[in-house]
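Containing CSV, C-alpha atoms: run19.csv.
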```csv
chain,number,residue,atom,x,y,z
A,200,MET,CA,-16.3,36.7,29.2
A,201,THR,CA,-14.2,33.5,28.9
A,202,GLU,CA,-11.7,32.7,31.7
A,203,LYS,CA,-8.1,33.0,30.5
A,204,GLN,CA,-6.5,29.6,30.4
A,205,GLY,CA,-3.0,29.2,31.9
A,206,PRO,CA,-0.2,27.4,30.0
A,207,ILE,CA,-0.2,24.5,32.4
A,208,LYS,CA,-3.9,24.0,32.1
A,209,GLY,CA,-3.6,24.0,28.3
A,210,ILE,CA,-0.9,21.4,28.3
A,211,ARG,CA,-3.0,19.1,30.6
A,212,ASP,CA,-6.0,19.4,28.3
A,213,LYS,CA,-3.8,18.4,25.3
A,214,ILE,CA,-2.4,15.4,27.1
A,215,SER,CA,-6.0,14.4,28.2
A,216,GLN,CA,-7.2,14.6,24.6
A,217,LEU,CA,-4.3,12.4,23.3
A,218,TRP,CA,-4.9,9.9,26.2
A,219,ASN,CA,-8.6,9.6,25.3
A,220,GLN,CA,-7.9,9.3,21.6
A,221,TYR,CA,-5.4,6.5,22.1
A,222,PRO,CA,-6.4,4.7,25.4
A,223,ASN,CA,-3.7,2.0,25.0
A,224,TRP,CA,-0.8,4.5,25.2
A,225,GLY,CA,1.0,4.0,28.5
A,226,LYS,CA,-1.3,1.3,29.6
A,227,ILE,CA,-0.2,-0.1,33.0
A,228,PRO,CA,-0.3,-3.9,33.1
A,229,GLN,CA,-2.8,-5.4,35.4
A,230,PHE,CA,-1.9,-6.8,38.8
A,231,LEU,CA,-2.2,-10.4,37.7
A,232,GLU,CA,-0.3,-9.8,34.5
A,233,LEU,CA,2.7,-8.6,36.5
A,234,LEU,CA,2.4,-11.3,39.1
A,235,GLU,CA,2.2,-14.2,36.7
A,236,LYS,CA,5.0,-12.8,34.4
A,237,GLY,CA,7.8,-15.3,34.2
A,238,LEU,CA,6.2,-18.0,36.3
A,239,ASP,CA,5.6,-20.4,33.4
A,240,LYS,CA,9.3,-20.3,32.7
A,241,GLU,CA,10.5,-20.4,36.4
A,242,LEU,CA,8.2,-23.2,37.4
A,243,PHE,CA,8.2,-25.2,34.1
A,244,VAL,CA,8.9,-29.0,34.5
A,245,ASP,CA,9.6,-31.2,31.5
A,246,PRO,CA,7.9,-34.6,32.4
A,247,ASN,CA,10.1,-36.4,29.8
A,248,LYS,CA,13.3,-35.2,31.4
A,249,LYS,CA,14.4,-37.0,34.6
A,250,GLN,CA,15.4,-34.5,37.3
A,251,GLU,CA,17.9,-35.5,39.9
A,252,PRO,CA,16.4,-34.8,43.3
A,253,ILE,CA,18.2,-32.5,45.7
A,254,PRO,CA,20.0,-34.6,48.3
A,255,LEU,CA,18.2,-34.6,51.7
A,256,GLU,CA,21.3,-33.3,53.5
A,257,ASP,CA,21.3,-30.2,51.2
A,258,LEU,CA,17.7,-29.2,52.0
A,259,PRO,CA,17.0,-26.6,54.6
A,260,VAL,CA,16.2,-28.1,58.0
A,261,ASP,CA,13.0,-26.7,59.5
A,262,GLU,CA,12.6,-28.2,63.0
A,263,VAL,CA,9.0,-27.2,63.1
A,264,LEU,CA,8.1,-28.8,59.8
A,265,ARG,CA,10.4,-31.9,60.0
A,266,LYS,CA,9.3,-32.8,63.5
A,267,SER,CA,5.5,-32.9,63.2
A,268,GLY,CA,3.9,-34.7,66.2
A,269,PHE,CA,3.1,-38.4,66.2
A,270,ILE,CA,-0.7,-37.8,65.8
A,271,ARG,CA,-0.2,-35.6,62.7
A,272,ASN,CA,2.3,-38.0,61.1
A,273,PHE,CA,0.0,-41.0,61.9
A,274,TYR,CA,-2.9,-39.1,60.3
A,275,GLU,CA,-0.9,-38.4,57.1
A,276,ARG,CA,-0.1,-42.2,56.9
A,277,LEU,CA,-3.7,-43.2,57.6
A,278,PHE,CA,-5.3,-40.6,55.2
A,279,PRO,CA,-2.5,-39.8,52.7
A,280,VAL,CA,-2.8,-37.0,50.1
A,281,SER,CA,-2.5,-38.9,46.8
A,282,HIS,CA,-2.6,-35.9,44.5
A,283,VAL,CA,-3.5,-32.3,43.9
A,284,PHE,CA,-5.0,-30.7,40.9
A,285,ARG,CA,-5.0,-27.1,39.8
A,286,MET,CA,-8.7,-26.2,39.3
A,287,THR,CA,-10.1,-23.7,36.8
A,288,TYR,CA,-13.2,-23.2,34.6
A,289,ARG,CA,-13.4,-24.3,31.0
A,290,TYR,CA,-16.0,-25.8,28.7
A,291,ASP,CA,-18.8,-24.4,30.9
A,292,ARG,CA,-17.8,-26.4,33.9
A,293,GLU,CA,-14.9,-27.0,36.4
A,294,PHE,CA,-11.7,-28.1,34.7
A,295,LEU,CA,-8.8,-30.0,36.4
A,296,ASP,CA,-5.3,-29.1,35.2
A,297,ASN,CA,-1.7,-29.7,36.2
A,298,PHE,CA,-1.9,-33.0,38.0
A,299,MET,CA,0.6,-33.2,41.0
A,300,PRO,CA,1.1,-36.7,42.3
A,301,LEU,CA,2.2,-37.1,45.9
A,302,SER,CA,3.7,-40.2,47.6
A,303,THR,CA,3.1,-41.2,51.2
A,304,ASP,CA,6.6,-39.9,52.1
A,305,GLY,CA,5.8,-36.6,50.3
A,306,TYR,CA,4.5,-34.9,53.5
A,307,ILE,CA,7.2,-32.5,54.8
A,308,GLY,CA,5.2,-30.9,57.5
A,309,ARG,CA,2.9,-28.0,58.4
A,310,GLY,CA,3.3,-24.3,58.9
A,311,SER,CA,0.8,-21.9,60.5
A,312,TYR,CA,-1.4,-21.7,57.4
A,313,LYS,CA,-0.3,-24.5,55.1
A,314,PHE,CA,0.5,-28.2,54.8
A,315,VAL,CA,3.7,-28.8,52.8
A,316,TYR,CA,4.3,-31.7,50.4
A,317,LYS,CA,7.3,-32.5,48.2
A,318,LEU,CA,6.5,-33.2,44.6
A,319,PRO,CA,8.4,-35.9,42.6
A,320,TRP,CA,10.4,-33.1,41.0
A,321,ASN,CA,12.3,-30.4,42.9
A,322,GLN,CA,9.3,-28.4,43.8
A,323,VAL,CA,6.8,-28.3,46.7
A,324,VAL,CA,3.1,-27.8,46.8
A,325,LYS,CA,1.6,-26.0,49.8
A,326,ILE,CA,-2.0,-26.7,50.6
A,327,GLY,CA,-4.0,-24.1,52.6
A,328,LYS,CA,-5.3,-25.2,56.1
A,329,SER,CA,-8.8,-24.5,57.1
A,330,LYS,CA,-9.0,-21.1,58.9
A,331,LEU,CA,-11.8,-19.2,60.5
A,332,PRO,CA,-12.6,-15.7,59.2
A,333,SER,CA,-11.7,-14.4,62.7
A,334,ASP,CA,-8.0,-15.3,62.1
A,335,VAL,CA,-5.7,-12.3,62.3
A,336,ILE,CA,-4.6,-12.9,58.7
A,337,PHE,CA,-8.0,-11.7,57.5
A,338,GLY,CA,-7.6,-8.0,58.3
A,339,SER,CA,-7.6,-4.8,56.1
A,340,LEU,CA,-6.0,-6.5,53.1
A,341,PHE,CA,-8.7,-9.2,53.1
A,342,LYS,CA,-11.3,-6.4,52.9
A,343,GLU,CA,-9.3,-4.8,50.1
A,344,VAL,CA,-9.4,-8.0,48.1
A,345,GLY,CA,-13.2,-8.4,48.7
A,346,ARG,CA,-13.9,-4.9,47.4
A,347,ASP,CA,-12.2,-5.6,44.1
A,348,LEU,CA,-12.0,-9.4,43.6
A,349,PRO,CA,-11.6,-9.3,39.8
A,350,ARG,CA,-8.3,-7.5,40.3
A,351,PHE,CA,-6.9,-10.4,42.3
A,352,LEU,CA,-8.5,-13.4,40.5
A,353,LYS,CA,-8.3,-14.4,36.9
A,354,PRO,CA,-11.5,-14.3,34.8
A,355,GLU,CA,-11.7,-18.1,34.8
A,356,GLU,CA,-11.3,-18.2,38.6
A,357,ILE,CA,-14.2,-15.8,39.0
A,358,GLU,CA,-16.2,-18.0,36.6
A,359,LEU,CA,-15.2,-21.1,38.6
A,360,ARG,CA,-16.3,-19.5,41.8
A,361,ASP,CA,-19.7,-18.5,40.4
A,362,PHE,CA,-20.2,-22.0,38.9
A,363,LEU,CA,-19.4,-23.8,42.2
A,364,LYS,CA,-21.7,-21.4,44.1
A,365,ALA,CA,-24.5,-22.2,41.6
A,366,GLN,CA,-24.1,-26.0,42.3
A,367,THR,CA,-25.2,-25.6,45.9
A,368,PHE,CA,-28.4,-24.3,47.5
A,369,ARG,CA,-27.0,-23.8,51.0
A,370,ASP,CA,-26.0,-20.2,51.8
A,371,SER,CA,-23.3,-21.4,54.3
A,372,LYS,CA,-21.7,-23.4,51.5
A,373,LYS,CA,-21.8,-20.4,49.1
A,374,ASP,CA,-20.2,-18.3,51.8
A,375,GLU,CA,-17.5,-20.9,52.3
A,376,ILE,CA,-16.7,-21.0,48.6
A,377,ASP,CA,-16.6,-17.2,48.4
A,378,PHE,CA,-14.3,-17.1,51.4
A,379,LYS,CA,-11.8,-19.5,49.9
A,380,PHE,CA,-11.5,-17.5,46.7
A,381,LYS,CA,-11.0,-14.3,48.6
A,382,ARG,CA,-8.3,-16.0,50.5
A,383,LEU,CA,-6.6,-17.0,47.3
A,384,GLY,CA,-6.6,-13.4,46.3
A,385,LEU,CA,-5.3,-12.4,49.7
A,386,GLU,CA,-2.3,-14.8,49.4
A,387,ARG,CA,-1.4,-13.2,46.0
A,388,LEU,CA,-1.7,-9.7,47.5
A,389,HIS,CA,0.6,-10.6,50.5
A,390,TYR,CA,3.1,-12.1,48.0
A,391,TRP,CA,2.9,-9.0,45.7
A,392,LYS,CA,3.6,-6.6,48.6
A,393,LEU,CA,7.1,-8.0,48.9
A,394,LYS,CA,7.6,-9.1,45.3
A,395,SER,CA,7.1,-5.6,44.0
A,396,LEU,CA,9.7,-4.2,46.5
A,397,ILE,CA,12.4,-6.8,46.5
A,398,PRO,CA,11.7,-9.1,43.5
A,399,ASP,CA,15.0,-10.8,43.3
A,400,LEU,CA,14.8,-12.0,47.0
A,401,VAL,CA,11.3,-13.5,46.8
A,402,VAL,CA,11.0,-17.2,45.8
A,403,PRO,CA,8.9,-17.5,42.7
A,404,THR,CA,5.4,-18.8,43.7
A,405,ARG,CA,2.3,-19.6,41.8
A,406,PHE,CA,-1.0,-19.4,43.7
A,407,PHE,CA,-4.0,-21.3,42.4
A,408,MET,CA,-7.3,-22.8,43.5
A,409,GLY,CA,-6.6,-26.5,44.1
A,410,MET,CA,-8.4,-29.7,44.5
A,411,ARG,CA,-6.8,-32.0,47.1
A,412,VAL,CA,-7.5,-35.7,47.2
A,413,ARG,CA,-7.0,-37.7,50.4
A,414,LYS,CA,-7.6,-41.4,50.6
A,415,ASN,CA,-9.0,-43.3,53.7
A,416,PRO,CA,-7.7,-46.8,54.6
A,417,PHE,CA,-10.4,-48.3,52.3
A,418,GLY,CA,-9.2,-46.3,49.3
A,419,ILE,CA,-12.2,-44.0,49.2
A,420,PRO,CA,-11.2,-40.5,48.2
A,421,ASN,CA,-12.0,-37.3,50.2
A,422,ILE,CA,-11.9,-34.2,47.9
A,423,THR,CA,-11.4,-30.7,49.2
A,424,LEU,CA,-11.4,-27.4,47.4
A,425,THR,CA,-8.6,-25.2,48.9
A,426,PRO,CA,-6.1,-22.5,47.9
A,427,CYS,CA,-2.7,-23.8,47.1
A,428,ASP,CA,0.7,-22.6,45.9
A,429,GLN,CA,3.7,-24.1,44.2
A,430,GLN,CA,7.3,-23.2,44.7
A,431,PRO,CA,10.8,-24.5,43.6
A,432,LEU,CA,12.6,-26.5,46.3
A,433,LEU,CA,15.9,-24.9,47.1
A,434,ALA,CA,19.1,-26.3,48.5
A,435,GLY,CA,20.4,-24.2,51.4
A,436,LYS,CA,20.1,-23.4,55.1
A,437,HIS,CA,17.3,-21.7,57.0
A,438,LEU,CA,18.3,-18.8,59.1
A,439,LYS,CA,17.3,-20.7,62.2
A,440,GLU,CA,20.1,-23.2,61.4
A,441,PHE,CA,22.6,-20.6,62.3
A,442,THR,CA,21.1,-20.0,65.8
A,443,ILE,CA,22.8,-20.9,69.0
A,444,ARG,CA,20.5,-21.3,72.0
A,445,ASN,CA,22.9,-20.5,74.8
A,446,GLU,CA,21.1,-17.7,76.7
A,447,LYS,CA,17.8,-18.4,78.2
A,448,LEU,CA,15.4,-15.5,78.7
A,449,ASP,CA,13.8,-15.0,82.2
A,450,GLN,CA,10.1,-15.5,82.4
A,451,ASN,CA,7.9,-16.7,85.2
A,452,PRO,CA,8.6,-20.2,86.5
A,453,ILE,CA,5.6,-21.8,84.7
A,454,LEU,CA,6.5,-20.3,81.3
A,455,ASP,CA,10.1,-21.2,81.9
A,456,LYS,CA,9.1,-24.8,82.3
A,457,LEU,CA,6.4,-25.1,79.6
A,458,PHE,CA,7.4,-22.6,77.0
A,459,PRO,CA,11.1,-21.7,77.4
A,460,LYS,CA,12.4,-18.7,75.4
A,461,TRP,CA,16.0,-18.3,74.2
A,462,LYS,CA,17.9,-15.3,73.0
A,463,LEU,CA,18.7,-15.8,69.4
A,464,ASN,CA,22.5,-15.7,69.0
A,465,PHE,CA,23.9,-16.5,65.6
A,466,ASP,CA,27.0,-18.3,64.3
A,467,SER,CA,27.6,-17.5,60.7
A,468,HIS,CA,30.7,-19.8,60.7
A,469,ARG,CA,28.2,-22.7,60.1
A,470,PHE,CA,28.3,-21.5,56.5
A,471,GLY,CA,31.7,-23.2,56.3
A,472,VAL,CA,34.4,-21.3,54.4
A,473,ILE,CA,32.9,-18.3,52.6
A,474,SER,CA,34.5,-15.2,51.2
A,475,LYS,CA,33.8,-11.8,52.8
A,476,SER,CA,32.4,-10.5,49.5
A,477,LYS,CA,29.6,-13.1,49.7
A,478,LEU,CA,28.9,-12.2,53.3
A,479,LYS,CA,28.7,-8.5,52.4
A,480,LYS,CA,26.3,-9.3,49.6
A,481,ILE,CA,24.1,-11.2,52.1
A,482,ALA,CA,24.3,-8.4,54.6
A,483,VAL,CA,23.3,-5.8,51.9
A,484,ASP,CA,20.3,-7.9,51.0
A,485,PHE,CA,19.3,-8.3,54.6
A,486,ASN,CA,19.5,-4.5,55.0
A,487,ARG,CA,17.1,-4.2,52.0
A,488,VAL,CA,14.7,-6.5,53.8
A,489,ILE,CA,15.0,-4.2,56.9
A,490,GLU,CA,14.2,-1.2,54.8
A,491,VAL,CA,11.2,-2.9,53.3
A,492,THR,CA,10.0,-3.9,56.8
A,493,LYS,CA,10.3,-0.3,57.9
A,494,TYR,CA,8.5,1.1,54.8
A,495,LEU,CA,5.5,-1.3,55.2
A,496,ALA,CA,5.2,-0.4,58.9
A,497,GLU,CA,5.6,3.4,58.5
A,498,GLU,CA,3.8,4.0,55.2
A,499,GLU,CA,1.2,1.2,55.1
A,500,LYS,CA,0.8,0.3,58.8
A,501,LEU,CA,1.6,-3.3,58.0
A,502,ILE,CA,3.9,-5.7,59.8
A,503,PHE,CA,6.0,-7.9,57.5
A,504,ASP,CA,5.8,-11.1,59.6
A,505,ILE,CA,9.2,-12.6,58.7
A,506,HIS,CA,10.7,-15.3,60.9
A,507,ALA,CA,13.9,-17.4,60.8
A,508,GLU,CA,12.1,-20.2,59.0
A,509,ASN,CA,11.0,-17.9,56.2
A,510,ILE,CA,14.5,-17.1,55.2
A,511,ILE,CA,16.9,-19.3,53.2
A,512,ILE,CA,20.6,-18.8,52.4
A,513,THR,CA,20.9,-20.9,49.2
A,514,LEU,CA,23.9,-23.2,48.5
A,515,PRO,CA,26.3,-23.1,46.7
A,516,ASP,CA,25.4,-19.6,45.5
A,517,PHE,CA,25.0,-18.0,49.0
A,518,GLU,CA,22.0,-15.9,48.0
A,519,LEU,CA,19.2,-14.7,50.3
A,520,LYS,CA,15.7,-15.9,49.6
A,521,ILE,CA,12.4,-15.3,51.5
A,522,PHE,CA,9.2,-17.3,51.1
A,523,ASP,CA,5.8,-18.1,52.8
A,524,PHE,CA,5.5,-14.7,54.5
A,525,HIS,CA,2.4,-12.8,55.4
A,526,VAL,CA,1.7,-9.2,56.3
A,527,PHE,CA,-0.6,-8.2,59.1
A,528,ASP,CA,-2.2,-5.0,60.3
A,529,ASP,CA,0.1,-3.3,62.9
A,530,TYR,CA,-2.7,-2.9,65.5
A,531,LEU,CA,-2.8,-6.7,65.8
A,532,TYR,CA,0.7,-6.7,67.3
A,533,GLU,CA,1.7,-5.6,70.8
A,534,PRO,CA,5.1,-3.9,71.0
A,535,SER,CA,7.5,-5.9,73.2
A,536,LEU,CA,9.2,-4.4,76.3
A,537,GLU,CA,12.5,-4.2,74.4
A,538,ASN,CA,11.1,-2.5,71.2
A,539,PRO,CA,8.8,0.5,71.0
A,540,THR,CA,7.2,-0.6,67.6
A,541,PRO,CA,6.2,-4.2,66.6
A,542,GLU,CA,8.3,-4.3,63.4
A,543,MET,CA,11.5,-3.9,65.4
A,544,ASP,CA,11.1,-7.4,66.8
A,545,HIS,CA,11.6,-8.8,63.3
A,546,ILE,CA,14.3,-6.2,62.4
A,547,LYS,CA,16.4,-7.0,65.6
A,548,ILE,CA,16.6,-10.7,64.6
A,549,ILE,CA,18.0,-9.8,61.2
A,550,GLU,CA,20.5,-7.2,62.7
A,551,GLU,CA,21.8,-9.8,65.2
A,552,PHE,CA,22.4,-12.2,62.3
A,553,ILE,CA,24.3,-9.6,60.4
A,554,LYS,CA,26.5,-8.8,63.4
A,555,SER,CA,27.5,-12.4,63.5
A,556,PHE,CA,29.2,-11.9,60.1
A,557,GLU,CA,31.9,-9.9,62.0
A,558,LEU,CA,32.2,-7.5,59.1
A,559,ASP,CA,33.7,-4.0,59.5
```

Let me see the structure of the file written as C-alpha cells.
Amino acid sequence: MTEKQGPIKGIRDKISQLWNQYPNWGKIPQFLELLEKGLDKELFVDPNKKQEPIPLEDLPVDEVLRKSGFIRNFYERLFPVSHVFRMTYRYDREFLDNFMPLSTDGYIGRGSYKFVYKLPWNQVVKIGKSKLPSDVIFGSLFKEVGRDLPRFLKPEEIELRDFLKAQTFRDSKKDEIDFKFKRLGLERLHYWKLKSLIPDLVVPTRFFMGMRVRKNPFGIPNITLTPCDQQPLLAGKHLKEFTIRNEKLDQNPILDKLFPKWKLNFDSHRFGVISKSKLKKIAVDFNRVIEVTKYLAEEEKLIFDIHAENIIITLPDFELKIFDFHVFDDYLYEPSLENPTPEMDHIKIIEEFIKSFELD
C-alpha cells in the first residue's frame, strides 16, 4: 500500500525536479564573484591621465601611523620598498601583474597587521606583516577558511600556491606558503563580514597575494611573498581627530606613568560649520555600525574590532567610512569592569561620539 502524499510534499518534489532539470536557475553567485564585483571600476587608475594628489592637510591624521619610531623610519630609509607586484599564476608559472611603484617617502606607517605605503596615485597599498599562527587573528574564521580554501581563493591563486609549494623541498617552507594563502582568504572573509552587512560604509578593498621588493644599501633586492590589499586614499578626518584628552583614568602608579589612559571625550565642532542634516546622517550610519556590532557578537560570537583609527568622516561629503578592521572570537576578549560584554567597549566609544553632536 503506497503512502498518501500530502500537497506540500508534492509541491516540494515538483520544485526539486525543476531545479535538477535546470541547475542554473536561481544560482547564487560565488563568494569571490560578489566580493570582486565593482572593484575593477572602483580601483581603476588610468596611467595616461595625471591625477592631482590629495593635499597632505586634507588627509586623515593617524598619530600611530604618522609617528612611527626612529628605528622603524630609519629602517625604511635604509631598506626602502621599491615596488609591489600582484602575483598570480599564468603560462604554467608564477606571473607578476599590476606593478605598483613606491618612493622612499611612500611609507606612511604601520598598523597592527600591515605596513602602509602611499602609491603615486590617490591609493594606498597595505603589505601584510609577518605573524605567528598563535596570533589571536587566527581563530575560528581561519579554521573556516582552511576547511574550504577554494571558496576564498581564486582558481589561479590555488594554482599559484601549489606551484610555489612544488618549488621547495622543505616542509617548513611549504607550511609557510600554505599559511600565507590561508591568511589571504581570512582577510577577505573579515572584509566580507562587514561588506555584506553595511556595503556603503566599507571602503572598497582588493586583497591579493603580493610580491614585495625591498632594496638594501647596495641595491640588492630582497623579495618577499606576502598578502596585500589596495584601497583608495580618502580625504577626511579619523574619528580620533575629534577626541579631547581632558580626563585621565585612574590606574596604578606604574601604569599611570608608563601607559596613561584617557577617557575619550569628543568635540564634533572640529568638523567646522556643518548642517544638522549631515550630522543626523552620520549619526544614523554610526547606529547601523552599532547594530552590526551587536549582531556579530550575539549571533556569531564575533567581536567587530573597530577603533577610532578605523573610522573616517570624509570631506567635503561628510560620509562615514570604515576600513582595515578585523573580527575576533569573543572568547579572546575579557569584558571590562564598565561593560558586561566585550563588544560594548567598542559600542560605547561610538555612542560617546554621537552624543557630542548635541542632536535632539

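Considering all atoms listed in the file, the residue among A:Phe556, A:Tyr312, A:Phe351, A:Phe441 positioned nearest to A:Ile336 is A:Tyr312.
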
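Note that the spacing between atom CA of A:Gln429 and atom CA of A:Thr404 amounts to 5.6 Å.
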
Quick one: everything within 8 Å of A:Ala507, counting all atoms listed in the file, minus sequence neighbours fewer than 5 positions away in the same chain. Send it as an MDAnalysis selection string. chainID A and resid 437:439

If you count all atoms listed in the file, which residues fall within 12 Å of A:Lys236, apart from same-chain ones fewer than 6 positions away, as a VMD selection string? chain A and resid 228 to 230 242 394 398 403 to 405

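Going from atom CA of A:Thr425 to atom CA of A:Glu386 covers 12.2 Å.
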
Measure the distance from atom CA of A:Thr367 to atom CA of A:Leu424 in Å and round it to one decimal. 14.0 Å

Surrounding residues of A:Gly338 excluding itself and chain neighbours under 3 positions, 8 Å, all atoms listed in the file, as a tab-separated table (two decimals) with C-alpha atoms, in the frame of the given file:
```tsv
chain	number	residue	atom	x	y	z
A	335	VAL	CA	-5.70	-12.30	62.30
A	341	PHE	CA	-8.70	-9.20	53.10
A	342	LYS	CA	-11.30	-6.40	52.90
A	527	PHE	CA	-0.60	-8.20	59.10
A	528	ASP	CA	-2.20	-5.00	60.30
```

A:Glu542 proximity check over A:Glu275, A:Asp304, A:Asp504, A:Asp239, using all atoms listed in the file: winner is A:Asp504

Show which residues sit within 9 Å of stretch 321-328 of chain A, as an MDAnalysis selection string. Count only C-alpha atoms, and ignore same-chain residues fewer than 2 positions away. chainID A and resid 242 250:253 283 299 309 311:319 330 409 411 425:433

Generate the output file for the selected residues, C-alpha atoms, as a CSV table (one decimal), in the coordinates of the input.
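Contents of out32.csv, freshly written:
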```
chain,number,residue,atom,x,y,z
A,242,LEU,CA,8.2,-23.2,37.4
A,250,GLN,CA,15.4,-34.5,37.3
A,251,GLU,CA,17.9,-35.5,39.9
A,252,PRO,CA,16.4,-34.8,43.3
A,253,ILE,CA,18.2,-32.5,45.7
A,283,VAL,CA,-3.5,-32.3,43.9
A,299,MET,CA,0.6,-33.2,41.0
A,309,ARG,CA,2.9,-28.0,58.4
A,311,SER,CA,0.8,-21.9,60.5
A,312,TYR,CA,-1.4,-21.7,57.4
A,313,LYS,CA,-0.3,-24.5,55.1
A,314,PHE,CA,0.5,-28.2,54.8
A,315,VAL,CA,3.7,-28.8,52.8
A,316,TYR,CA,4.3,-31.7,50.4
A,317,LYS,CA,7.3,-32.5,48.2
A,318,LEU,CA,6.5,-33.2,44.6
A,319,PRO,CA,8.4,-35.9,42.6
A,330,LYS,CA,-9.0,-21.1,58.9
A,409,GLY,CA,-6.6,-26.5,44.1
A,411,ARG,CA,-6.8,-32.0,47.1
A,425,THR,CA,-8.6,-25.2,48.9
A,426,PRO,CA,-6.1,-22.5,47.9
A,427,CYS,CA,-2.7,-23.8,47.1
A,428,ASP,CA,0.7,-22.6,45.9
A,429,GLN,CA,3.7,-24.1,44.2
A,430,GLN,CA,7.3,-23.2,44.7
A,431,PRO,CA,10.8,-24.5,43.6
A,432,LEU,CA,12.6,-26.5,46.3
A,433,LEU,CA,15.9,-24.9,47.1
```

Given the point (2.5, -4.1, 59.6) in the coordinates of this file, which residues lie within 10 Å, counting only C-alpha atoms, and how would they look as JSON, numbers by chain? {"A": [492, 493, 494, 495, 496, 497, 498, 499, 500, 501, 502, 503, 504, 525, 526, 527, 528, 529, 530, 531, 532, 540, 541, 542]}

So which residues fall inside 12 Å of (-10.6, -16.8, 39.4) if we count only C-alpha atoms? Mind giving them as a PyMOL selection string? chain A and resi 231+285-289+293+348-363+376-377+379-384+387+406-409+426

Using only C-alpha atoms, pick whichever of A:Ile270, A:Leu301, A:Ile549, A:Val491 has the shortest atom-to-atom distance to A:Thr442. A:Ile549

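In this comparison, which uses all atoms listed in the file, the residue of A:Ile489, A:Ile307, A:Leu396, A:Ala365 approaching A:Lys547 most closely is A:Ile489.
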
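Comparing A:Glu343, A:Gln366, A:Gly435, A:Glu241 by their smallest distance to A:Arg292, the closest is A:Gln366 (using all atoms listed in the file).
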
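Minimum distance to A:Ser333 across A:His545, A:Phe378, A:Thr423, A:Ser474 (counting all atoms listed in the file) occurs at A:Phe378.
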